[in-house]
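Next comes start_1.txt, with compact mmCIF, C-alpha atoms.
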# COMPACT_ATOMS: atom_id res chain seq x y z
CA MET A 28 130.51 106.48 68.74
CA THR A 29 128.51 103.76 70.44
CA GLU A 30 124.93 103.15 69.50
CA ARG A 31 122.36 104.79 71.75
CA VAL A 32 118.93 103.65 72.81
CA THR A 33 116.26 105.50 74.79
CA TYR A 34 115.84 104.93 78.52
CA ALA A 35 112.42 106.08 79.77
CA TYR A 36 111.95 107.29 83.37
CA ALA A 37 108.42 108.54 83.74
CA VAL A 38 105.35 109.97 82.11
CA ALA A 39 104.76 113.46 83.43
CA ARG A 40 102.00 116.01 83.19
CA ASN A 41 103.53 118.88 81.28
CA VAL A 42 103.81 122.20 83.08
CA GLY A 43 105.56 125.45 82.29
CA GLY A 44 109.29 125.24 82.78
CA LEU A 45 109.38 121.43 82.83
CA GLU A 46 111.37 121.23 79.63
CA GLU A 47 114.13 123.44 81.04
CA ALA A 48 114.08 121.65 84.40
CA ALA A 49 114.40 118.27 82.70
CA ALA A 50 117.23 119.51 80.51
CA ALA A 51 119.20 120.33 83.66
CA LEU A 52 118.95 116.75 84.92
CA ILE A 53 121.55 114.05 84.54
CA GLY A 54 120.19 110.53 84.28
CA VAL A 55 121.48 106.98 84.00
CA ALA A 56 125.13 106.76 82.97
CA ASP A 57 125.51 110.55 83.25
CA ALA A 58 123.41 111.24 80.18
CA PRO A 59 121.35 114.44 79.95
CA VAL A 60 117.60 114.05 80.27
CA HIS A 61 115.11 115.42 77.76
CA LEU A 62 111.37 115.26 77.17
CA VAL A 63 109.63 113.36 74.40
CA ARG A 64 106.31 114.89 73.32
CA GLY A 65 103.43 113.18 71.60
CA THR A 66 101.61 114.42 68.54
CA ARG A 67 98.23 114.06 70.31
CA GLY A 68 98.73 117.06 72.54
CA ASP A 69 101.00 118.86 74.88
CA GLU A 70 99.62 117.64 78.21
CA LEU A 71 101.75 114.54 78.66
CA VAL A 72 105.45 114.05 78.13
CA LEU A 73 107.88 111.22 78.59
CA ALA A 74 111.19 111.90 80.35
CA VAL A 75 114.01 109.99 78.69
CA SER A 76 117.74 109.93 78.15
CA GLY A 77 120.11 108.12 75.83
CA VAL A 78 121.96 105.07 77.12
CA SER A 79 124.45 102.75 75.52
CA ALA A 80 122.67 100.07 73.50
CA GLN A 81 125.38 97.66 74.48
CA ASP A 82 124.70 97.99 78.20
CA PHE A 83 120.95 97.68 77.79
CA GLN A 84 120.59 94.83 75.38
CA GLU A 85 118.94 91.78 76.84
CA ASP A 86 121.90 89.64 77.85
CA ALA A 87 124.01 92.48 79.15
CA LEU A 88 121.12 93.89 81.12
CA LYS A 89 120.39 90.56 82.75
CA ASP A 90 123.99 90.38 83.90
CA HIS A 91 124.07 94.00 85.01
CA LEU A 92 120.94 93.65 87.06
CA GLU A 93 122.62 90.96 89.10
CA ASN A 94 125.49 93.33 89.81
CA LEU A 95 124.46 95.22 92.88
CA GLU A 96 126.82 98.13 92.28
CA TRP A 97 125.50 98.67 88.75
CA LEU A 98 121.93 98.22 89.90
CA GLU A 99 122.36 100.76 92.68
CA ALA A 100 123.85 103.35 90.35
CA VAL A 101 121.01 102.93 87.83
CA ALA A 102 118.37 102.87 90.57
CA ARG A 103 119.68 106.06 92.18
CA ALA A 104 119.96 107.84 88.83
CA HIS A 105 116.43 106.73 87.91
CA HIS A 106 115.14 107.90 91.28
CA GLY A 107 116.98 111.23 91.02
CA VAL A 108 115.20 112.03 87.78
CA ILE A 109 111.80 110.95 89.12
CA GLU A 110 112.20 113.01 92.29
CA ALA A 111 113.26 116.12 90.42
CA LEU A 112 110.24 115.85 88.12
CA ALA A 113 107.88 114.99 90.98
CA ALA A 114 108.88 118.20 92.73
CA ARG A 115 107.35 120.10 89.79
CA THR A 116 104.48 118.07 88.45
CA ALA A 117 102.50 114.83 88.65
CA VAL A 118 104.60 111.88 87.50
CA LEU A 119 103.93 108.27 86.65
CA PRO A 120 107.20 106.44 87.31
CA LEU A 121 108.09 103.62 84.94
CA ARG A 122 109.62 100.33 86.02
CA LEU A 123 113.41 100.36 86.18
CA ALA A 124 115.14 99.73 82.84
CA THR A 125 112.32 100.47 80.40
CA VAL A 126 114.25 100.96 77.17
CA TYR A 127 113.26 101.75 73.55
CA LEU A 128 115.21 101.67 70.34
CA ASP A 129 114.88 105.41 69.92
CA ASP A 130 112.79 108.42 70.88
CA ASP A 131 110.28 107.72 68.12
CA ARG A 132 109.51 104.30 69.53
CA ALA A 133 109.14 105.81 73.00
CA ARG A 134 106.80 108.43 71.50
CA SER A 135 104.62 105.77 69.94
CA VAL A 136 104.16 104.14 73.37
CA LEU A 137 103.29 107.50 74.90
CA GLU A 138 100.67 107.95 72.19
CA SER A 139 99.20 104.47 72.29
CA GLU A 140 98.87 104.53 76.10
CA TRP A 141 97.88 108.20 76.24
CA ASN A 142 94.43 107.79 77.82
CA ALA A 143 95.55 105.25 80.40
CA PHE A 144 98.47 107.47 81.38
CA ALA A 145 96.22 110.53 81.64
CA ASP A 146 93.71 108.65 83.81
CA ARG A 147 96.33 107.34 86.16
CA LEU A 148 98.05 110.71 86.43
CA SER A 149 94.82 112.43 87.40
CA HIS A 150 94.31 109.75 90.04
CA LEU A 151 97.80 110.29 91.46
CA ALA A 152 98.04 114.05 91.15
CA ALA A 153 98.35 115.86 94.48
CA HIS A 154 99.14 112.60 96.26
CA ILE A 155 102.37 111.35 97.76
CA GLU A 156 103.50 107.92 98.83
CA TRP A 157 104.64 107.13 102.38
CA GLY A 158 106.45 103.92 103.17
CA VAL A 159 105.52 102.38 106.53
CA LYS A 160 107.60 99.59 108.00
CA ILE A 161 106.99 97.86 111.30
CA TYR A 162 109.84 96.14 113.11
CA VAL A 163 110.01 93.80 116.05
CA GLU A 164 113.06 94.84 118.04
CA PRO A 165 115.75 92.23 118.56
CA SER A 166 115.96 93.18 122.23
CA ALA A 167 112.45 91.84 122.63
CA GLN A 168 113.77 88.33 121.97
CA PRO A 169 114.73 86.75 125.28
CA SER A 170 118.14 85.19 125.61
CA ALA A 171 118.77 81.86 127.26
CA PRO A 172 118.93 82.06 131.02
CA SER A 173 122.24 81.62 132.75
CA PRO A 174 123.08 78.02 133.68
CA GLY A 175 123.07 78.91 137.36
CA SER A 176 119.39 79.76 137.37
CA THR A 177 118.32 76.30 136.23
CA ALA A 178 120.39 74.66 138.93
CA ALA A 179 118.83 76.99 141.46
CA ASN A 180 115.39 75.90 140.28
CA GLY A 181 116.38 72.29 140.80
CA LEU A 182 115.33 71.37 137.26
CA SER A 183 117.00 68.75 135.12
CA PRO A 184 118.81 70.23 132.09
CA GLY A 185 116.16 68.78 129.77
CA ARG A 186 113.25 70.27 131.66
CA ALA A 187 115.06 73.57 132.07
CA TYR A 188 115.64 73.67 128.32
CA LEU A 189 111.99 73.02 127.56
CA ARG A 190 110.88 75.63 130.04
CA THR A 191 113.25 78.18 128.50
CA ARG A 192 112.00 77.37 125.00
CA LYS A 193 108.44 77.75 126.11
CA ALA A 194 109.17 81.09 127.75
CA GLN A 195 110.93 82.28 124.60
CA GLN A 196 108.00 81.21 122.45
CA SER A 197 105.61 83.03 124.69
CA VAL A 198 107.62 86.25 124.56
CA ARG A 199 107.77 85.92 120.77
CA ASP A 200 104.01 85.51 120.58
CA ASP A 201 103.57 88.57 122.78
CA VAL A 202 105.87 90.63 120.58
CA TYR A 203 104.05 89.66 117.40
CA ARG A 204 100.72 90.46 119.01
CA ALA A 205 102.15 93.84 120.00
CA ALA A 206 103.31 94.40 116.41
CA GLN A 207 99.81 93.53 115.27
CA ARG A 208 98.42 96.25 117.55
CA ALA A 209 100.77 98.79 115.99
CA ALA A 210 99.77 97.55 112.53
CA GLU A 211 96.10 98.08 113.35
CA ARG A 212 96.81 101.66 114.41
CA VAL A 213 98.65 102.25 111.12
CA GLU A 214 95.74 100.78 109.20
CA ALA A 215 93.32 103.01 111.08
CA ALA A 216 95.40 106.06 110.14
CA GLY A 217 95.32 104.75 106.57
CA ARG A 218 91.54 104.54 106.60
CA ARG A 219 91.34 108.11 107.88
CA HIS A 220 93.84 109.67 105.51
CA ALA A 221 95.01 107.42 102.69
CA ALA A 222 93.55 106.80 99.26
CA ASP A 223 95.20 103.44 98.70
CA ARG A 224 97.65 100.96 100.12
CA ALA A 225 100.14 98.59 98.53
CA ARG A 226 102.02 95.83 100.30
CA HIS A 227 105.64 95.12 99.68
CA ARG A 228 107.44 92.03 100.72
CA VAL A 229 109.00 92.23 104.18
CA GLN A 230 112.65 93.17 103.99
CA GLN A 231 115.19 90.48 104.73
CA GLY A 232 118.70 89.68 103.65
CA GLU A 233 121.90 91.61 103.38
CA LEU A 234 120.37 94.90 102.21
CA ALA A 235 117.91 95.00 105.09
CA THR A 236 120.28 96.53 107.60
CA ALA A 237 117.80 98.14 109.98
CA PRO A 238 117.79 96.49 113.41
CA GLY A 239 115.04 94.07 114.29
CA GLU A 240 112.75 91.90 112.20
CA ASN A 241 110.66 93.64 109.56
CA VAL A 242 107.10 92.36 109.81
CA VAL A 243 105.17 94.93 107.75
CA ASN A 244 106.43 96.79 104.65
CA ASP A 245 103.57 98.80 103.19
CA ALA A 246 103.13 101.89 101.06
CA TYR A 247 100.24 104.33 101.43
CA LEU A 248 99.00 106.77 98.81
CA VAL A 249 98.05 109.91 100.71
CA PRO A 250 96.55 113.19 99.46
CA ILE A 251 99.03 115.99 100.04
CA ASP A 252 96.70 117.84 102.39
CA HIS A 253 96.60 114.76 104.65
CA ALA A 254 100.29 113.96 104.37
CA GLU A 255 101.43 115.43 107.67
CA GLU A 256 98.48 114.14 109.67
CA PHE A 257 99.08 110.65 108.35
CA ARG A 258 102.75 110.89 109.13
CA THR A 259 102.13 112.12 112.67
CA GLU A 260 99.57 109.44 113.45
CA VAL A 261 101.67 106.66 111.99
CA SER A 262 104.85 107.72 113.73
CA GLY A 263 102.98 107.44 117.04
CA ALA A 264 101.56 104.00 116.20
CA ALA A 265 104.08 102.14 118.35
CA ASP A 266 103.86 104.54 121.30
CA GLY A 267 103.38 102.57 124.48
CA ILE A 268 104.08 99.27 122.71
CA PRO A 269 107.48 98.04 123.86
CA GLY A 270 109.55 95.98 121.47
CA VAL A 271 107.88 97.39 118.34
CA ARG A 272 109.17 100.16 116.08
CA VAL A 273 107.49 101.97 113.21
CA GLU A 274 109.64 103.51 110.50
CA ILE A 275 108.32 105.91 107.87
CA THR A 276 110.05 106.54 104.56
CA GLY A 277 109.26 109.16 101.98
CA PRO A 278 107.59 111.18 100.75
CA TRP A 279 108.04 109.16 97.57
CA ALA A 280 106.74 109.73 94.08
CA PRO A 281 103.84 107.26 93.75
CA TYR A 282 105.96 104.32 92.58
CA SER A 283 103.88 101.68 94.31
CA PHE A 284 100.65 103.02 92.80
CA ALA A 285 101.72 103.65 89.23
CA MET A 286 99.70 100.71 87.99
CA PRO A 287 95.95 100.80 88.64
CA PRO A 288 94.97 97.92 90.95
CA ALA A 289 92.93 96.06 88.35
CA ALA A 290 95.50 96.29 85.59
CA SER A 291 98.33 95.41 87.90
CA GLY A 292 99.37 91.95 86.94
CA ASP A 293 102.01 92.32 89.56
CA ALA A 294 101.70 89.97 92.48
CA ALA A 295 104.31 91.93 94.37
CA GLU A 296 101.83 94.64 95.08
CA GLY A 297 98.18 93.95 95.00
CA ALA A 298 97.34 97.56 95.75
CA HIS A 299 94.02 97.85 97.48
CA SER A 300 92.44 99.42 100.45
CA MET B 25 130.68 99.70 80.29
CA THR B 26 130.52 103.07 81.97
CA MET B 27 129.15 103.08 85.46
CA PRO B 28 126.13 105.30 85.64
CA GLY B 29 126.88 108.41 87.62
CA PRO B 30 125.08 110.06 90.47
CA PRO B 31 121.75 111.72 89.83
CA SER B 32 121.47 115.34 88.98
CA GLU B 33 122.81 118.30 90.83
CA VAL B 34 119.23 119.19 91.59
CA GLU B 35 118.12 118.11 95.06
CA PRO B 36 114.35 117.98 95.04
CA LEU B 37 111.95 117.34 97.94
CA ALA B 38 114.78 116.80 100.39
CA SER B 39 118.46 116.18 100.02
CA ARG B 40 118.77 112.74 101.46
CA GLN B 41 120.09 109.36 100.48
CA VAL B 42 117.28 106.84 100.59
CA ALA B 43 118.03 103.27 101.61
CA LEU B 44 118.71 101.09 98.59
CA VAL B 45 116.41 98.38 99.89
CA ASP B 46 113.46 100.80 100.02
CA LEU B 47 114.30 102.11 96.58
CA LEU B 48 114.49 98.64 95.06
CA ASP B 49 111.13 97.70 96.58
CA ARG B 50 109.69 100.51 94.51
CA LEU B 51 111.76 100.34 91.34
CA LEU B 52 111.59 96.57 90.91
CA SER B 53 108.01 95.95 91.89
CA GLY B 54 106.46 99.40 91.43
CA GLY B 55 106.30 101.68 88.44
CA VAL B 56 104.39 101.24 85.22
CA VAL B 57 105.39 98.10 83.36
CA LEU B 58 105.58 98.79 79.63
CA THR B 59 106.92 96.43 77.08
CA GLY B 60 110.22 97.88 76.00
CA ASP B 61 111.83 97.36 72.62
CA VAL B 62 115.28 96.21 73.01
CA VAL B 63 115.24 94.59 76.26
CA LEU B 64 113.37 92.22 78.36
CA SER B 65 109.82 91.20 77.92
CA ILE B 66 107.67 91.64 81.00
CA ALA B 67 108.06 87.98 81.79
CA ASP B 68 111.82 88.33 81.59
CA ILE B 69 111.71 91.26 83.95
CA ASP B 70 109.89 89.04 86.39
CA LEU B 71 112.65 86.50 86.03
CA VAL B 72 115.26 89.12 86.67
CA ARG B 73 113.36 90.31 89.65
CA ILE B 74 113.09 86.85 91.08
CA SER B 75 116.79 86.15 90.70
CA LEU B 76 117.53 89.53 92.18
CA ARG B 77 115.22 88.91 95.03
CA ALA B 78 117.06 85.72 95.68
CA LEU B 79 120.18 87.80 96.05
CA ILE B 80 118.61 90.48 98.16
CA MET B 81 116.27 88.41 100.25
CA SER B 82 118.74 85.68 100.94
CA ILE B 83 116.30 83.80 103.13
CA ARG B 84 112.80 84.08 101.79
CA THR B 85 112.05 82.05 98.69
CA SER B 86 108.28 82.25 98.51
CA PRO B 87 106.84 84.20 95.58
CA PRO B 88 106.10 87.88 96.11
CA GLY B 89 102.85 89.12 97.52
CA ARG B 90 102.57 87.76 101.05
CA ASP B 91 99.56 89.85 100.71
CA SER B 92 95.99 90.47 101.78
CA GLY B 93 96.19 91.24 105.42
CA ASP B 94 92.63 92.44 105.29

Once you've parsed the file, please lay out its structure as structure tokens.
Amino acid sequence: MTERVTYAYAVARNVGGLEEAAAALIGVADAPVHLVRGTRGDELVLAVSGVSAQDFQEDALKDHLENLEWLEAVARAHHGVIEALAARTAVLPLRLATVYLDDDRARSVLESEWNAFADRLSHLAAHIEWGVKIYVEPSAQPSAPSPGSTAANGLSPGRAYLRTRKAQQSVRDDVYRAAQRAAERVEAAGRRHAADRARHRVQQGELATAPGENVVNDAYLVPIDHAEEFRTEVSGAADGIPGVRVEITGPWAPYSFAMPPAASGDAAEGAHS
Amino acid sequence: MTMPGPPSEVEPLASRQVALVDLLDRLLSGGVVLTGDVVLSIADIDLVRISLRALIMSIRTSPPGRDSGD
């Protein structure tokens, strides 16, 4: 039998039936989920499961995290547990791959951070997170004119090239200004409905498969009773703005707002609003 | 190692497959950062994240937080 350590998913506000619901969940590496309770009370619990110590020791984990297939499987399992809990109660998601030697060590963290967890949970309760991404469509980028048109204009190839570049630059500027207009509409919806905003890095690279260039990648913390209004207003933010697309993801558990703004030493977010 | 399996049979909120890139935005830069036992210190997690980001964001190399639009 391989040695097991404790993988922690989230702190949750305890509600009736949560224990049974958690016990029905399968977490990372197909392990059953269970709740760890503190000795300070029954209000907060930590959702955990056992994982192989070998896979989650420092060196192995560093290697695994560079393996996209492994990372995806862990990320989806982590997310599956969070979502199932979030459907029942307020949750404070933990960063991926938070691992303790055993349940007792996890319990001691729950107890030592009890007040901070309780504060943050009451802040996040009855809120959801929407992701809002703004894209500049690739079709908005002009292509080079056909060679025939420059000849027809009687321009030298050099001048024709410069003129084309200038025209392209100007279309680009227009498109980014248009994206800015959509962004301002999103921000206005945020001011009307959202409690907080966090900014993620714009998505680029091989995993960013959506068409166009991502220019805004934000998350908004929205009270549940404003969730649909926010969604409706944001999904119309690019209406009448050609070349710009707004994409909404979620509702998410409040991942991007799990850390309070002040305590967040995380430059990736800088939650504010 | 065993590959971790799919999440539970429970399908909460909505049964949908979220995009990995959106999920990683949240799982690698969101969530509460606690110091774990066995594993990586917080600083190490940052290192992992940066190397990962290099993989995912094959172009951009600037540090995270192209922030403060307002």

Kindly provide, as AutoDock Vina command-line options, the centre and edge lengths (Å, one decimal) of an axis-aligned box around all atoms of stretch 196-214 of chain A given in the file, with 5 Å on each side.
--center_x 101.9 --center_y 91.7 --center_z 116.9 --size_x 22.3 --size_y 31.0 --size_z 25.5

What does the distance from atom CA of A:Lys160 to atom CA of A:Ala209 come to in Å, to one decimal?
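It comes out at 10.5 Å.
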
Could you produce a table of the residues of chain A lying within 8 Å of chain B, with the nearest pair of atoms per residue and their separation in Å rounded to one decimal, using all atoms listed in the file, ordered by chain and increasing residue number, as CSV?
residue,atom,partner,partner_atom,distance
A:Ala51,CA,B:Ser32,CA,7.6
A:Leu52,CA,B:Ser32,CA,5.0
A:Ile53,CA,B:Ser32,CA,4.6
A:Gly54,CA,B:Pro31,CA,5.9
A:Val55,CA,B:Pro28,CA,5.2
A:Ala56,CA,B:Pro28,CA,3.2
A:Asp57,CA,B:Gly29,CA,5.1
A:Asp82,CA,B:Met25,CA,6.6
A:Phe83,CA,B:Val63,CA,6.7
A:Gln84,CA,B:Val63,CA,5.4
A:Glu85,CA,B:Val63,CA,4.7
A:Leu88,CA,B:Val63,CA,7.7
A:Lys89,CA,B:Val72,CA,6.6
A:Leu92,CA,B:Val72,CA,7.3
A:Glu93,CA,B:Leu76,CA,6.1
A:Trp97,CA,B:Met27,CA,6.6
A:Glu99,CA,B:Leu44,CA,7.0
A:Ala100,CA,B:Pro28,CA,5.6
A:Val101,CA,B:Pro28,CA,6.1
A:Ala102,CA,B:Leu51,CA,7.1
A:Arg103,CA,B:Pro31,CA,6.5
A:Ala104,CA,B:Pro31,CA,4.4
A:His105,CA,B:Pro31,CA,7.5
A:His106,CA,B:Pro31,CA,7.8
A:Gly107,CA,B:Pro31,CA,4.9
A:Val108,CA,B:Pro31,CA,6.9
A:Glu110,CA,B:Pro36,CA,6.1
A:Ala111,CA,B:Pro36,CA,5.1
A:Ala114,CA,B:Pro36,CA,5.9
A:Leu119,CA,B:Val56,CA,7.2
A:Pro120,CA,B:Gly55,CA,5.0
A:Leu121,CA,B:Gly55,CA,4.4
A:Arg122,CA,B:Gly55,CA,4.3
A:Leu123,CA,B:Leu51,CA,5.4
A:Thr125,CA,B:Gly60,CA,5.5
A:Val126,CA,B:Gly60,CA,5.2
A:Tyr127,CA,B:Asp61,CA,4.7
A:Leu128,CA,B:Asp61,CA,5.9
A:Arg132,CA,B:Asp61,CA,7.9
A:Arg226,CA,B:Asp91,CA,6.5
A:His227,CA,B:Asp49,CA,6.8
A:Arg228,CA,B:Gly89,CA,6.3
A:Gln230,CA,B:Met81,CA,7.1
A:Gln231,CA,B:Met81,CA,5.1
A:Gly232,CA,B:Met81,CA,4.4
A:Glu233,CA,B:Ile80,CA,6.3
A:Leu234,CA,B:Val45,CA,5.8
A:Ala235,CA,B:Val45,CA,6.4
A:Tyr282,CA,B:Gly55,CA,4.9
A:Ser283,CA,B:Gly54,CA,4.5
A:Phe284,CA,B:Gly54,CA,7.0
A:Ala285,CA,B:Gly55,CA,5.0
A:Met286,CA,B:Val56,CA,5.5
A:Asp293,CA,B:Ser53,CA,7.4
A:Ala294,CA,B:Gly89,CA,5.2
A:Ala295,CA,B:Gly89,CA,4.5
A:Glu296,CA,B:Gly89,CA,6.1
A:Gly297,CA,B:Asp91,CA,7.2

Put those residues in a file: C-alpha atoms, as a PDB file, in the frame of the given file.
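Heads up, here's the output in again-v8.pdb:
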ATOM      1  CA  ALA A  51     119.200 120.330  83.660  1.00  0.00           C
ATOM      2  CA  LEU A  52     118.950 116.750  84.920  1.00  0.00           C
ATOM      3  CA  ILE A  53     121.550 114.050  84.540  1.00  0.00           C
ATOM      4  CA  GLY A  54     120.190 110.530  84.280  1.00  0.00           C
ATOM      5  CA  VAL A  55     121.480 106.980  84.000  1.00  0.00           C
ATOM      6  CA  ALA A  56     125.130 106.760  82.970  1.00  0.00           C
ATOM      7  CA  ASP A  57     125.510 110.550  83.250  1.00  0.00           C
ATOM      8  CA  ASP A  82     124.700  97.990  78.200  1.00  0.00           C
ATOM      9  CA  PHE A  83     120.950  97.680  77.790  1.00  0.00           C
ATOM     10  CA  GLN A  84     120.590  94.830  75.380  1.00  0.00           C
ATOM     11  CA  GLU A  85     118.940  91.780  76.840  1.00  0.00           C
ATOM     12  CA  LEU A  88     121.120  93.890  81.120  1.00  0.00           C
ATOM     13  CA  LYS A  89     120.390  90.560  82.750  1.00  0.00           C
ATOM     14  CA  LEU A  92     120.940  93.650  87.060  1.00  0.00           C
ATOM     15  CA  GLU A  93     122.620  90.960  89.100  1.00  0.00           C
ATOM     16  CA  TRP A  97     125.500  98.670  88.750  1.00  0.00           C
ATOM     17  CA  GLU A  99     122.360 100.760  92.680  1.00  0.00           C
ATOM     18  CA  ALA A 100     123.850 103.350  90.350  1.00  0.00           C
ATOM     19  CA  VAL A 101     121.010 102.930  87.830  1.00  0.00           C
ATOM     20  CA  ALA A 102     118.370 102.870  90.570  1.00  0.00           C
ATOM     21  CA  ARG A 103     119.680 106.060  92.180  1.00  0.00           C
ATOM     22  CA  ALA A 104     119.960 107.840  88.830  1.00  0.00           C
ATOM     23  CA  HIS A 105     116.430 106.730  87.910  1.00  0.00           C
ATOM     24  CA  HIS A 106     115.140 107.900  91.280  1.00  0.00           C
ATOM     25  CA  GLY A 107     116.980 111.230  91.020  1.00  0.00           C
ATOM     26  CA  VAL A 108     115.200 112.030  87.780  1.00  0.00           C
ATOM     27  CA  GLU A 110     112.200 113.010  92.290  1.00  0.00           C
ATOM     28  CA  ALA A 111     113.260 116.120  90.420  1.00  0.00           C
ATOM     29  CA  ALA A 114     108.880 118.200  92.730  1.00  0.00           C
ATOM     30  CA  LEU A 119     103.930 108.270  86.650  1.00  0.00           C
ATOM     31  CA  PRO A 120     107.200 106.440  87.310  1.00  0.00           C
ATOM     32  CA  LEU A 121     108.090 103.620  84.940  1.00  0.00           C
ATOM     33  CA  ARG A 122     109.620 100.330  86.020  1.00  0.00           C
ATOM     34  CA  LEU A 123     113.410 100.360  86.180  1.00  0.00           C
ATOM     35  CA  THR A 125     112.320 100.470  80.400  1.00  0.00           C
ATOM     36  CA  VAL A 126     114.250 100.960  77.170  1.00  0.00           C
ATOM     37  CA  TYR A 127     113.260 101.750  73.550  1.00  0.00           C
ATOM     38  CA  LEU A 128     115.210 101.670  70.340  1.00  0.00           C
ATOM     39  CA  ARG A 132     109.510 104.300  69.530  1.00  0.00           C
ATOM     40  CA  ARG A 226     102.020  95.830 100.300  1.00  0.00           C
ATOM     41  CA  HIS A 227     105.640  95.120  99.680  1.00  0.00           C
ATOM     42  CA  ARG A 228     107.440  92.030 100.720  1.00  0.00           C
ATOM     43  CA  GLN A 230     112.650  93.170 103.990  1.00  0.00           C
ATOM     44  CA  GLN A 231     115.190  90.480 104.730  1.00  0.00           C
ATOM     45  CA  GLY A 232     118.700  89.680 103.650  1.00  0.00           C
ATOM     46  CA  GLU A 233     121.900  91.610 103.380  1.00  0.00           C
ATOM     47  CA  LEU A 234     120.370  94.900 102.210  1.00  0.00           C
ATOM     48  CA  ALA A 235     117.910  95.000 105.090  1.00  0.00           C
ATOM     49  CA  TYR A 282     105.960 104.320  92.580  1.00  0.00           C
ATOM     50  CA  SER A 283     103.880 101.680  94.310  1.00  0.00           C
ATOM     51  CA  PHE A 284     100.650 103.020  92.800  1.00  0.00           C
ATOM     52  CA  ALA A 285     101.720 103.650  89.230  1.00  0.00           C
ATOM     53  CA  MET A 286      99.700 100.710  87.990  1.00  0.00           C
ATOM     54  CA  ASP A 293     102.010  92.320  89.560  1.00  0.00           C
ATOM     55  CA  ALA A 294     101.700  89.970  92.480  1.00  0.00           C
ATOM     56  CA  ALA A 295     104.310  91.930  94.370  1.00  0.00           C
ATOM     57  CA  GLU A 296     101.830  94.640  95.080  1.00  0.00           C
ATOM     58  CA  GLY A 297      98.180  93.950  95.000  1.00  0.00           C
TER      59      GLY A 297
END

In Å to one decimal, how far is atom CA of A:Val78 from atom CA of A:His91?
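Distance reported for this atom pair: 13.8 Å.
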
Would you pick out the contacts of A:Asn241 at 12 Å or less, using only C-alpha atoms, so that residues sharing its chain but fewer than 3 positions from it are not included, and give the list as a JSON list (two decimals) with C-alpha atoms, in the coordinates of the input?
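Written out: part10.json:
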[["chain", "number", "residue", "atom", "x", "y", "z"],
["A", 159, "VAL", "CA", 105.52, 102.38, 106.53],
["A", 160, "LYS", "CA", 107.60, 99.59, 108.00],
["A", 161, "ILE", "CA", 106.99, 97.86, 111.30],
["A", 162, "TYR", "CA", 109.84, 96.14, 113.11],
["A", 163, "VAL", "CA", 110.01, 93.80, 116.05],
["A", 164, "GLU", "CA", 113.06, 94.84, 118.04],
["A", 165, "PRO", "CA", 115.75, 92.23, 118.56],
["A", 203, "TYR", "CA", 104.05, 89.66, 117.40],
["A", 206, "ALA", "CA", 103.31, 94.40, 116.41],
["A", 210, "ALA", "CA", 99.77, 97.55, 112.53],
["A", 227, "HIS", "CA", 105.64, 95.12, 99.68],
["A", 228, "ARG", "CA", 107.44, 92.03, 100.72],
["A", 229, "VAL", "CA", 109.00, 92.23, 104.18],
["A", 230, "GLN", "CA", 112.65, 93.17, 103.99],
["A", 231, "GLN", "CA", 115.19, 90.48, 104.73],
["A", 232, "GLY", "CA", 118.70, 89.68, 103.65],
["A", 235, "ALA", "CA", 117.91, 95.00, 105.09],
["A", 236, "THR", "CA", 120.28, 96.53, 107.60],
["A", 237, "ALA", "CA", 117.80, 98.14, 109.98],
["A", 238, "PRO", "CA", 117.79, 96.49, 113.41],
["A", 244, "ASN", "CA", 106.43, 96.79, 104.65],
["A", 245, "ASP", "CA", 103.57, 98.80, 103.19],
["A", 271, "VAL", "CA", 107.88, 97.39, 118.34],
["A", 272, "ARG", "CA", 109.17, 100.16, 116.08],
["A", 273, "VAL", "CA", 107.49, 101.97, 113.21],
["A", 274, "GLU", "CA", 109.64, 103.51, 110.50]]

So, with all atoms listed in the file as the atoms that count, which of A:Arg40, A:Arg199, A:Arg258, A:Arg218 lies closest to A:Leu151?
A:Arg40

Rounded to one decimal place, report the atom CA of A:His61-atom CA of A:Glu156 distance in Å.
25.2 Å

Near A:Arg134, counting all atoms listed in the file, which residues have an atom at most 9 Å away, once you skip same-chain residues fewer than 2 positions from it, shown as a PyMOL selection string?
chain A and resi 63-66+72-73+129-132+136-139
